[in-house]
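First the structure, in the form of structure tokens, and then the observations on it.
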Amino acid sequence: MCGIVGVVGKPAREVVLNGLKNLEYRGYDSAGIYLNDLQGHEYLTKAVGRIANLEEKLTPEEEGTTGIGHTRWATHGQPTVENAHPHYSEDGRFYLVHNGVIENYLELKEKYLAGVHFKSETDTEVIAHLVEWEMRTAASLMEAVQKTVKQLEGAYGTVVLDRKDPSRLVVARSGSPIVIGFGVGENFLASDQLALLNVTRRFMYLEEGDVA
Ligand code: GLU
């Protein structure tokens, strides 16, 4: 279980990268970041190994006011760029990062996702496809995530973004911690408050089963 950092409402790149670095001591094998500037520009970058390798890949224009980042400790699939998070749904609309293990991912894949093209070997990717599936009937991303996590067995801390409304992040936790940090005109989230101590001291902890 490694690191998650999310930012809404602030130049996000540095906050995400610094936050992930504060969680480096936990160990990880790869890292990734998704940035969206709400002006039609978005960037997804992943690298195997150190966060420094990810930083080397980032071009100067890669910035956003919404960002999600992840350091991965592989449980399903090798530590490769393809398996690094964030992952996204088949329609390319929903991006997410995930800490933990989805124990019934094969069952979910067989039951609901036959015919879906998976781009990674991770258990995580199943969540992205389920969110896409649930969104067909849900009134909001919040509802789609609530319906999705009800089907998951195992441990998750997950953050989901809808490219149609990238000013908002939906988080859910069960078995893996998630904390929300409050700023002024900006909010943050992380798998550990340590990641956010440079940007806020006001925190709210999600309870088991919460979606926010
Ligand atoms: N089970 C997921 C994977 O292998 C997430 C691992 C983690 O918590 O970093 O990609």
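All residue names refer to the structure tokens as shown: chains lettered A, B, ... in order, residues numbered from 1 in each chain, ligands numbered from 1 in order.
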Requested in this report: Excluding Leu197 in chain A and residues on its chain fewer than 6 positions from it, collect all residues at most 10 Å away from it, counting only C-alpha atoms, and give them as a list in words.
Outcome: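 Close residues of Leu197 in chain A: Gly19, Asn22, Gly181 and Phe203 of chain A.
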**Report entry** Neighbourhood of ligand 1 at 8 Å, counting only C-alpha atoms and all ligand atoms, reported as a list in words
**Finding:** Met1, Cys2, Gly3, Tyr28, His70, Thr71, Arg72, Trp73, Ala74, Thr75, His76, Gly77, Asn83, Ala84, His85, His98, Asn99, Gly100, Val101, Ile102, Thr122, Asp123, Thr124 and Tyr156 of chain A
N, CA and C atoms of the current selection, written as a PDB file, in the first residue's frame:
ATOM      1  N   MET A   1       0.854  -1.189   0.000  1.00  0.00           N
ATOM      2  CA  MET A   1       0.000   0.000   0.000  1.00  0.00           C
ATOM      3  C   MET A   1       0.890   1.239   0.000  1.00  0.00           C
ATOM      4  N   CYS A   2       0.808   1.998  -1.054  1.00  0.00           N
ATOM      5  CA  CYS A   2       1.753   3.115  -1.160  1.00  0.00           C
ATOM      6  C   CYS A   2       1.080   4.460  -1.089  1.00  0.00           C
ATOM      7  N   GLY A   3       1.422   5.365  -1.983  1.00  0.00           N
ATOM      8  CA  GLY A   3       0.999   6.738  -1.789  1.00  0.00           C
ATOM      9  C   GLY A   3      -0.025   7.245  -2.775  1.00  0.00           C
ATOM     10  N   TYR A  28       8.204   1.904  -2.946  1.00  0.00           N
ATOM     11  CA  TYR A  28       7.324   1.846  -4.114  1.00  0.00           C
ATOM     12  C   TYR A  28       8.180   1.424  -5.295  1.00  0.00           C
ATOM     13  N   HIS A  70       0.334   9.033  -7.715  1.00  0.00           N
ATOM     14  CA  HIS A  70       0.358   7.719  -7.071  1.00  0.00           C
ATOM     15  C   HIS A  70       1.765   7.151  -7.080  1.00  0.00           C
ATOM     16  N   THR A  71       2.140   6.555  -5.972  1.00  0.00           N
ATOM     17  CA  THR A  71       3.307   5.677  -5.984  1.00  0.00           C
ATOM     18  C   THR A  71       2.799   4.260  -5.761  1.00  0.00           C
ATOM     19  N   ARG A  72       3.296   3.359  -6.576  1.00  0.00           N
ATOM     20  CA  ARG A  72       2.735   1.993  -6.609  1.00  0.00           C
ATOM     21  C   ARG A  72       3.675   0.976  -5.977  1.00  0.00           C
ATOM     22  N   TRP A  73       3.089   0.079  -5.258  1.00  0.00           N
ATOM     23  CA  TRP A  73       3.786  -1.122  -4.801  1.00  0.00           C
ATOM     24  C   TRP A  73       3.010  -2.270  -5.436  1.00  0.00           C
ATOM     25  N   ALA A  74       3.555  -2.815  -6.503  1.00  0.00           N
ATOM     26  CA  ALA A  74       2.815  -3.762  -7.337  1.00  0.00           C
ATOM     27  C   ALA A  74       2.349  -4.992  -6.565  1.00  0.00           C
ATOM     28  N   THR A  75       1.074  -5.275  -6.661  1.00  0.00           N
ATOM     29  CA  THR A  75       0.567  -6.548  -6.147  1.00  0.00           C
ATOM     30  C   THR A  75       0.058  -7.421  -7.296  1.00  0.00           C
ATOM     31  N   HIS A  76      -0.446  -6.798  -8.352  1.00  0.00           N
ATOM     32  CA  HIS A  76      -0.976  -7.532  -9.504  1.00  0.00           C
ATOM     33  C   HIS A  76      -0.356  -6.951 -10.766  1.00  0.00           C
ATOM     34  N   GLY A  77       0.558  -7.682 -11.352  1.00  0.00           N
ATOM     35  CA  GLY A  77       1.234  -7.180 -12.548  1.00  0.00           C
ATOM     36  C   GLY A  77       2.596  -6.607 -12.174  1.00  0.00           C
ATOM     37  N   ASN A  83       1.477  -0.697 -16.070  1.00  0.00           N
ATOM     38  CA  ASN A  83       0.764  -1.057 -14.843  1.00  0.00           C
ATOM     39  C   ASN A  83       0.757   0.057 -13.799  1.00  0.00           C
ATOM     40  N   ALA A  84       1.590   1.073 -13.984  1.00  0.00           N
ATOM     41  CA  ALA A  84       1.613   2.199 -13.038  1.00  0.00           C
ATOM     42  C   ALA A  84       0.286   2.943 -13.127  1.00  0.00           C
ATOM     43  N   HIS A  85      -0.112   3.549 -12.035  1.00  0.00           N
ATOM     44  CA  HIS A  85      -1.340   4.341 -11.981  1.00  0.00           C
ATOM     45  C   HIS A  85      -0.994   5.780 -12.361  1.00  0.00           C
ATOM     46  N   HIS A  98      -5.329   4.016  -7.053  1.00  0.00           N
ATOM     47  CA  HIS A  98      -5.849   3.069  -6.051  1.00  0.00           C
ATOM     48  C   HIS A  98      -4.709   2.507  -5.219  1.00  0.00           C
ATOM     49  N   ASN A  99      -4.916   2.483  -3.925  1.00  0.00           N
ATOM     50  CA  ASN A  99      -4.039   1.755  -3.002  1.00  0.00           C
ATOM     51  C   ASN A  99      -4.796   0.544  -2.502  1.00  0.00           C
ATOM     52  N   GLY A 100      -4.116  -0.584  -2.436  1.00  0.00           N
ATOM     53  CA  GLY A 100      -4.754  -1.765  -1.862  1.00  0.00           C
ATOM     54  C   GLY A 100      -4.859  -2.893  -2.869  1.00  0.00           C
ATOM     55  N   VAL A 101      -5.772  -3.805  -2.600  1.00  0.00           N
ATOM     56  CA  VAL A 101      -5.932  -5.002  -3.424  1.00  0.00           C
ATOM     57  C   VAL A 101      -7.419  -5.289  -3.608  1.00  0.00           C
ATOM     58  N   ILE A 102      -7.847  -5.477  -4.854  1.00  0.00           N
ATOM     59  CA  ILE A 102      -9.239  -5.869  -5.116  1.00  0.00           C
ATOM     60  C   ILE A 102      -9.248  -7.389  -5.295  1.00  0.00           C
ATOM     61  N   THR A 122      -3.258  -4.974 -13.855  1.00  0.00           N
ATOM     62  CA  THR A 122      -3.579  -4.673 -12.451  1.00  0.00           C
ATOM     63  C   THR A 122      -5.015  -5.057 -12.086  1.00  0.00           C
ATOM     64  N   ASP A 123      -5.199  -5.267 -10.795  1.00  0.00           N
ATOM     65  CA  ASP A 123      -6.543  -5.408 -10.246  1.00  0.00           C
ATOM     66  C   ASP A 123      -7.264  -4.056 -10.279  1.00  0.00           C
ATOM     67  N   THR A 124      -6.488  -2.993 -10.153  1.00  0.00           N
ATOM     68  CA  THR A 124      -7.025  -1.626 -10.091  1.00  0.00           C
ATOM     69  C   THR A 124      -7.882  -1.258 -11.299  1.00  0.00           C
ATOM     70  N   TYR A 156      -9.250  -0.861  -0.394  1.00  0.00           N
ATOM     71  CA  TYR A 156      -9.029   0.211  -1.359  1.00  0.00           C
ATOM     72  C   TYR A 156      -9.056   1.574  -0.683  1.00  0.00           C
TER      73      TYR A 156
END
Query raised in the report: So which residues touch Leu161 in chain A within 10 Å, counting only C-alpha atoms, skipping near sequence neighbours fewer than 2 positions away, as a PyMOL selection string?
Result: chain A and resi 34+36+66-68+88+93-97+128+141+159+163-171
Report task. Give the strand (DSSP E) residues of chain A, as DSSP finds them on the backbone, and put them as number ranges by chain. Result -> A: 3-8, 30-36, 42-48, 66-72, 87-88, 94-102, 154-162, 170-174, 179-182, 187-190, 203-205
Query - For CA of Met204 in chain A and CA of Leu35 in chain A, the interatomic separation in Å (one decimal) - result: 23.7 Å
Query - Polymer residues at most 7 Å from Gly6 in chain A, only C-alpha atoms, same-chain spacing of 6 or more positions, as a list in words - result: Val16, Gly67, Ile68, Gly69, Phe188, Leu189 and Ala190 of chain A
Go ahead and write the residues just picked, all heavy atoms, as a PDB file, in the first residue's frame.
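out.pdb, written as the output of this step:
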ATOM      1  N   VAL A  16       1.480  17.683  -5.668  1.00  0.00           N
ATOM      2  CA  VAL A  16       1.381  16.225  -5.838  1.00  0.00           C
ATOM      3  C   VAL A  16       2.763  15.581  -5.707  1.00  0.00           C
ATOM      4  O   VAL A  16       2.950  14.613  -4.957  1.00  0.00           O
ATOM      5  CB  VAL A  16       0.735  15.862  -7.201  1.00  0.00           C
ATOM      6  CG1 VAL A  16       0.863  14.369  -7.482  1.00  0.00           C
ATOM      7  CG2 VAL A  16      -0.727  16.280  -7.232  1.00  0.00           C
ATOM      8  N   GLY A  67      -5.013  17.624  -9.882  1.00  0.00           N
ATOM      9  CA  GLY A  67      -3.980  16.614 -10.100  1.00  0.00           C
ATOM     10  C   GLY A  67      -4.173  15.423  -9.195  1.00  0.00           C
ATOM     11  O   GLY A  67      -4.638  15.558  -8.058  1.00  0.00           O
ATOM     12  N   ILE A  68      -3.857  14.244  -9.725  1.00  0.00           N
ATOM     13  CA  ILE A  68      -3.805  13.051  -8.870  1.00  0.00           C
ATOM     14  C   ILE A  68      -2.483  12.331  -9.134  1.00  0.00           C
ATOM     15  O   ILE A  68      -2.044  12.218 -10.279  1.00  0.00           O
ATOM     16  CB  ILE A  68      -5.005  12.082  -9.061  1.00  0.00           C
ATOM     17  CG1 ILE A  68      -5.312  11.802 -10.529  1.00  0.00           C
ATOM     18  CG2 ILE A  68      -6.235  12.580  -8.358  1.00  0.00           C
ATOM     19  CD1 ILE A  68      -6.459  10.804 -10.727  1.00  0.00           C
ATOM     20  N   GLY A  69      -1.870  11.881  -8.060  1.00  0.00           N
ATOM     21  CA  GLY A  69      -0.588  11.189  -8.195  1.00  0.00           C
ATOM     22  C   GLY A  69      -0.565   9.933  -7.353  1.00  0.00           C
ATOM     23  O   GLY A  69      -1.336   9.783  -6.398  1.00  0.00           O
ATOM     24  N   PHE A 188      -7.312  19.219  -0.764  1.00  0.00           N
ATOM     25  CA  PHE A 188      -6.300  18.203  -1.012  1.00  0.00           C
ATOM     26  C   PHE A 188      -6.796  16.857  -0.499  1.00  0.00           C
ATOM     27  O   PHE A 188      -7.712  16.794   0.321  1.00  0.00           O
ATOM     28  CB  PHE A 188      -5.009  18.548  -0.256  1.00  0.00           C
ATOM     29  CG  PHE A 188      -4.559  19.953  -0.456  1.00  0.00           C
ATOM     30  CD1 PHE A 188      -4.883  20.937   0.472  1.00  0.00           C
ATOM     31  CD2 PHE A 188      -3.828  20.305  -1.578  1.00  0.00           C
ATOM     32  CE1 PHE A 188      -4.479  22.247   0.282  1.00  0.00           C
ATOM     33  CE2 PHE A 188      -3.418  21.619  -1.777  1.00  0.00           C
ATOM     34  CZ  PHE A 188      -3.743  22.592  -0.838  1.00  0.00           C
ATOM     35  N   LEU A 189      -6.151  15.813  -0.935  1.00  0.00           N
ATOM     36  CA  LEU A 189      -6.392  14.524  -0.306  1.00  0.00           C
ATOM     37  C   LEU A 189      -5.134  13.695  -0.413  1.00  0.00           C
ATOM     38  O   LEU A 189      -4.270  13.953  -1.260  1.00  0.00           O
ATOM     39  CB  LEU A 189      -7.579  13.813  -0.943  1.00  0.00           C
ATOM     40  CG  LEU A 189      -7.483  13.558  -2.425  1.00  0.00           C
ATOM     41  CD1 LEU A 189      -6.813  12.242  -2.687  1.00  0.00           C
ATOM     42  CD2 LEU A 189      -8.847  13.602  -3.033  1.00  0.00           C
ATOM     43  N   ALA A 190      -5.042  12.734   0.468  1.00  0.00           N
ATOM     44  CA  ALA A 190      -3.849  11.882   0.471  1.00  0.00           C
ATOM     45  C   ALA A 190      -4.138  10.605   1.237  1.00  0.00           C
ATOM     46  O   ALA A 190      -5.119  10.510   1.975  1.00  0.00           O
ATOM     47  CB  ALA A 190      -2.674  12.614   1.114  1.00  0.00           C
TER      48      ALA A 190
END
Query raised in the report: Using only C-alpha atoms, which residue out of A:Leu20, A:Met135, A:Ala114, A:Ile178 lies closest to Lys147 in chain A?
Result: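 The answer is A:Met135, which sits nearest to Lys147 in chain A.
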Can you tell me which residues surround Asn104 in chain A at a distance of at most 9 Å, considering only C-alpha atoms, apart from same-chain residues fewer than 6 positions away, and format the answer as a CSV table (one decimal) with N, CA, C and O atoms, in the first residue's frame?
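So the final result, stored in around_2.csv, reads:
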chain,number,residue,atom,x,y,z
A,123,ASP,N,-5.2,-5.3,-10.8
A,123,ASP,CA,-6.5,-5.4,-10.2
A,123,ASP,C,-7.3,-4.1,-10.3
A,123,ASP,O,-8.5,-4.0,-10.5
A,151,GLN,N,-19.4,-3.2,-4.9
A,151,GLN,CA,-19.1,-4.5,-5.5
A,151,GLN,C,-17.6,-5.0,-5.3
A,151,GLN,O,-17.3,-6.1,-5.6
A,152,LEU,N,-16.8,-4.1,-4.6
A,152,LEU,CA,-15.4,-4.5,-4.4
A,152,LEU,C,-15.2,-5.3,-3.1
A,152,LEU,O,-15.8,-4.9,-2.1
A,153,GLU,N,-14.4,-6.3,-3.2
A,153,GLU,CA,-14.0,-7.0,-2.0
A,153,GLU,C,-12.5,-6.8,-1.9
A,153,GLU,O,-11.8,-7.0,-2.9
A,154,GLY,N,-12.0,-6.5,-0.7
A,154,GLY,CA,-10.6,-6.3,-0.5
A,154,GLY,C,-10.4,-5.0,0.1
A,154,GLY,O,-11.2,-4.5,0.8
Query raised in the report: Neighbours of Arg173 in chain A within 8 Å (only C-alpha atoms; same-chain residues fewer than 5 positions away dropped), as number ranges by chain?
Result: A: 155-158, 178, 206-211
Using only N, CA, C and O atoms, please write the residues we just selected to a file, as a tab-separated table (two decimals), in the first residue's frame.
chain	number	residue	atom	x	y	z
A	155	ALA	N	-9.25	-4.36	-0.19
A	155	ALA	CA	-8.91	-3.08	0.42
A	155	ALA	C	-8.71	-2.04	-0.66
A	155	ALA	O	-8.12	-2.31	-1.69
A	156	TYR	N	-9.25	-0.86	-0.39
A	156	TYR	CA	-9.03	0.21	-1.36
A	156	TYR	C	-9.06	1.57	-0.68
A	156	TYR	O	-9.79	1.82	0.26
A	157	GLY	N	-8.18	2.41	-1.17
A	157	GLY	CA	-8.30	3.86	-1.05
A	157	GLY	C	-8.23	4.28	-2.49
A	157	GLY	O	-7.27	3.92	-3.19
A	158	THR	N	-9.24	4.96	-2.98
A	158	THR	CA	-9.23	5.27	-4.41
A	158	THR	C	-9.71	6.69	-4.66
A	158	THR	O	-10.53	7.22	-3.91
A	178	ILE	N	-7.60	7.29	3.79
A	178	ILE	CA	-7.65	8.50	2.95
A	178	ILE	C	-7.96	9.68	3.87
A	178	ILE	O	-8.86	9.60	4.70
A	206	LEU	N	-11.49	10.12	6.37
A	206	LEU	CA	-12.63	9.30	5.94
A	206	LEU	C	-12.73	8.07	6.85
A	206	LEU	O	-11.72	7.49	7.23
A	207	GLU	N	-13.98	7.71	7.15
A	207	GLU	CA	-14.23	6.47	7.90
A	207	GLU	C	-14.32	5.32	6.91
A	207	GLU	O	-14.53	5.53	5.72
A	208	GLU	N	-14.23	4.12	7.45
A	208	GLU	CA	-14.38	2.92	6.62
A	208	GLU	C	-15.68	2.98	5.82
A	208	GLU	O	-16.74	3.25	6.39
A	209	GLY	N	-15.60	2.74	4.53
A	209	GLY	CA	-16.79	2.71	3.69
A	209	GLY	C	-17.24	4.05	3.19
A	209	GLY	O	-18.19	4.14	2.39
A	210	ASP	N	-16.59	5.13	3.61
A	210	ASP	CA	-16.99	6.48	3.17
A	210	ASP	C	-16.67	6.72	1.70
A	210	ASP	O	-15.66	6.25	1.17
A	211	VAL	N	-17.53	7.51	1.07
A	211	VAL	CA	-17.26	8.08	-0.25
A	211	VAL	C	-17.45	9.57	-0.11
A	211	VAL	O	-18.39	10.02	0.54
**Report entry** Within 8 Å of Val131 in chain A using only C-alpha atoms, minus same-chain residues under 2 positions, as a list of chain:residue names
**Finding:**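 Within the cut-off, the hits are A:Ser89, A:Phe94, A:Ile127, A:Ala128, A:His129, A:Trp133, A:Glu134, A:Met135, A:Ala144, A:Val145, A:Thr148.
The interatomic distance for the pair CA of Ala31 in chain A and CA of Val81 in chain A works out to 8.4 Å.
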Query raised in the report: By how many Å are CA of Val8 in chain A and CA of Glu61 in chain A apart?
Result: 18.0 Å
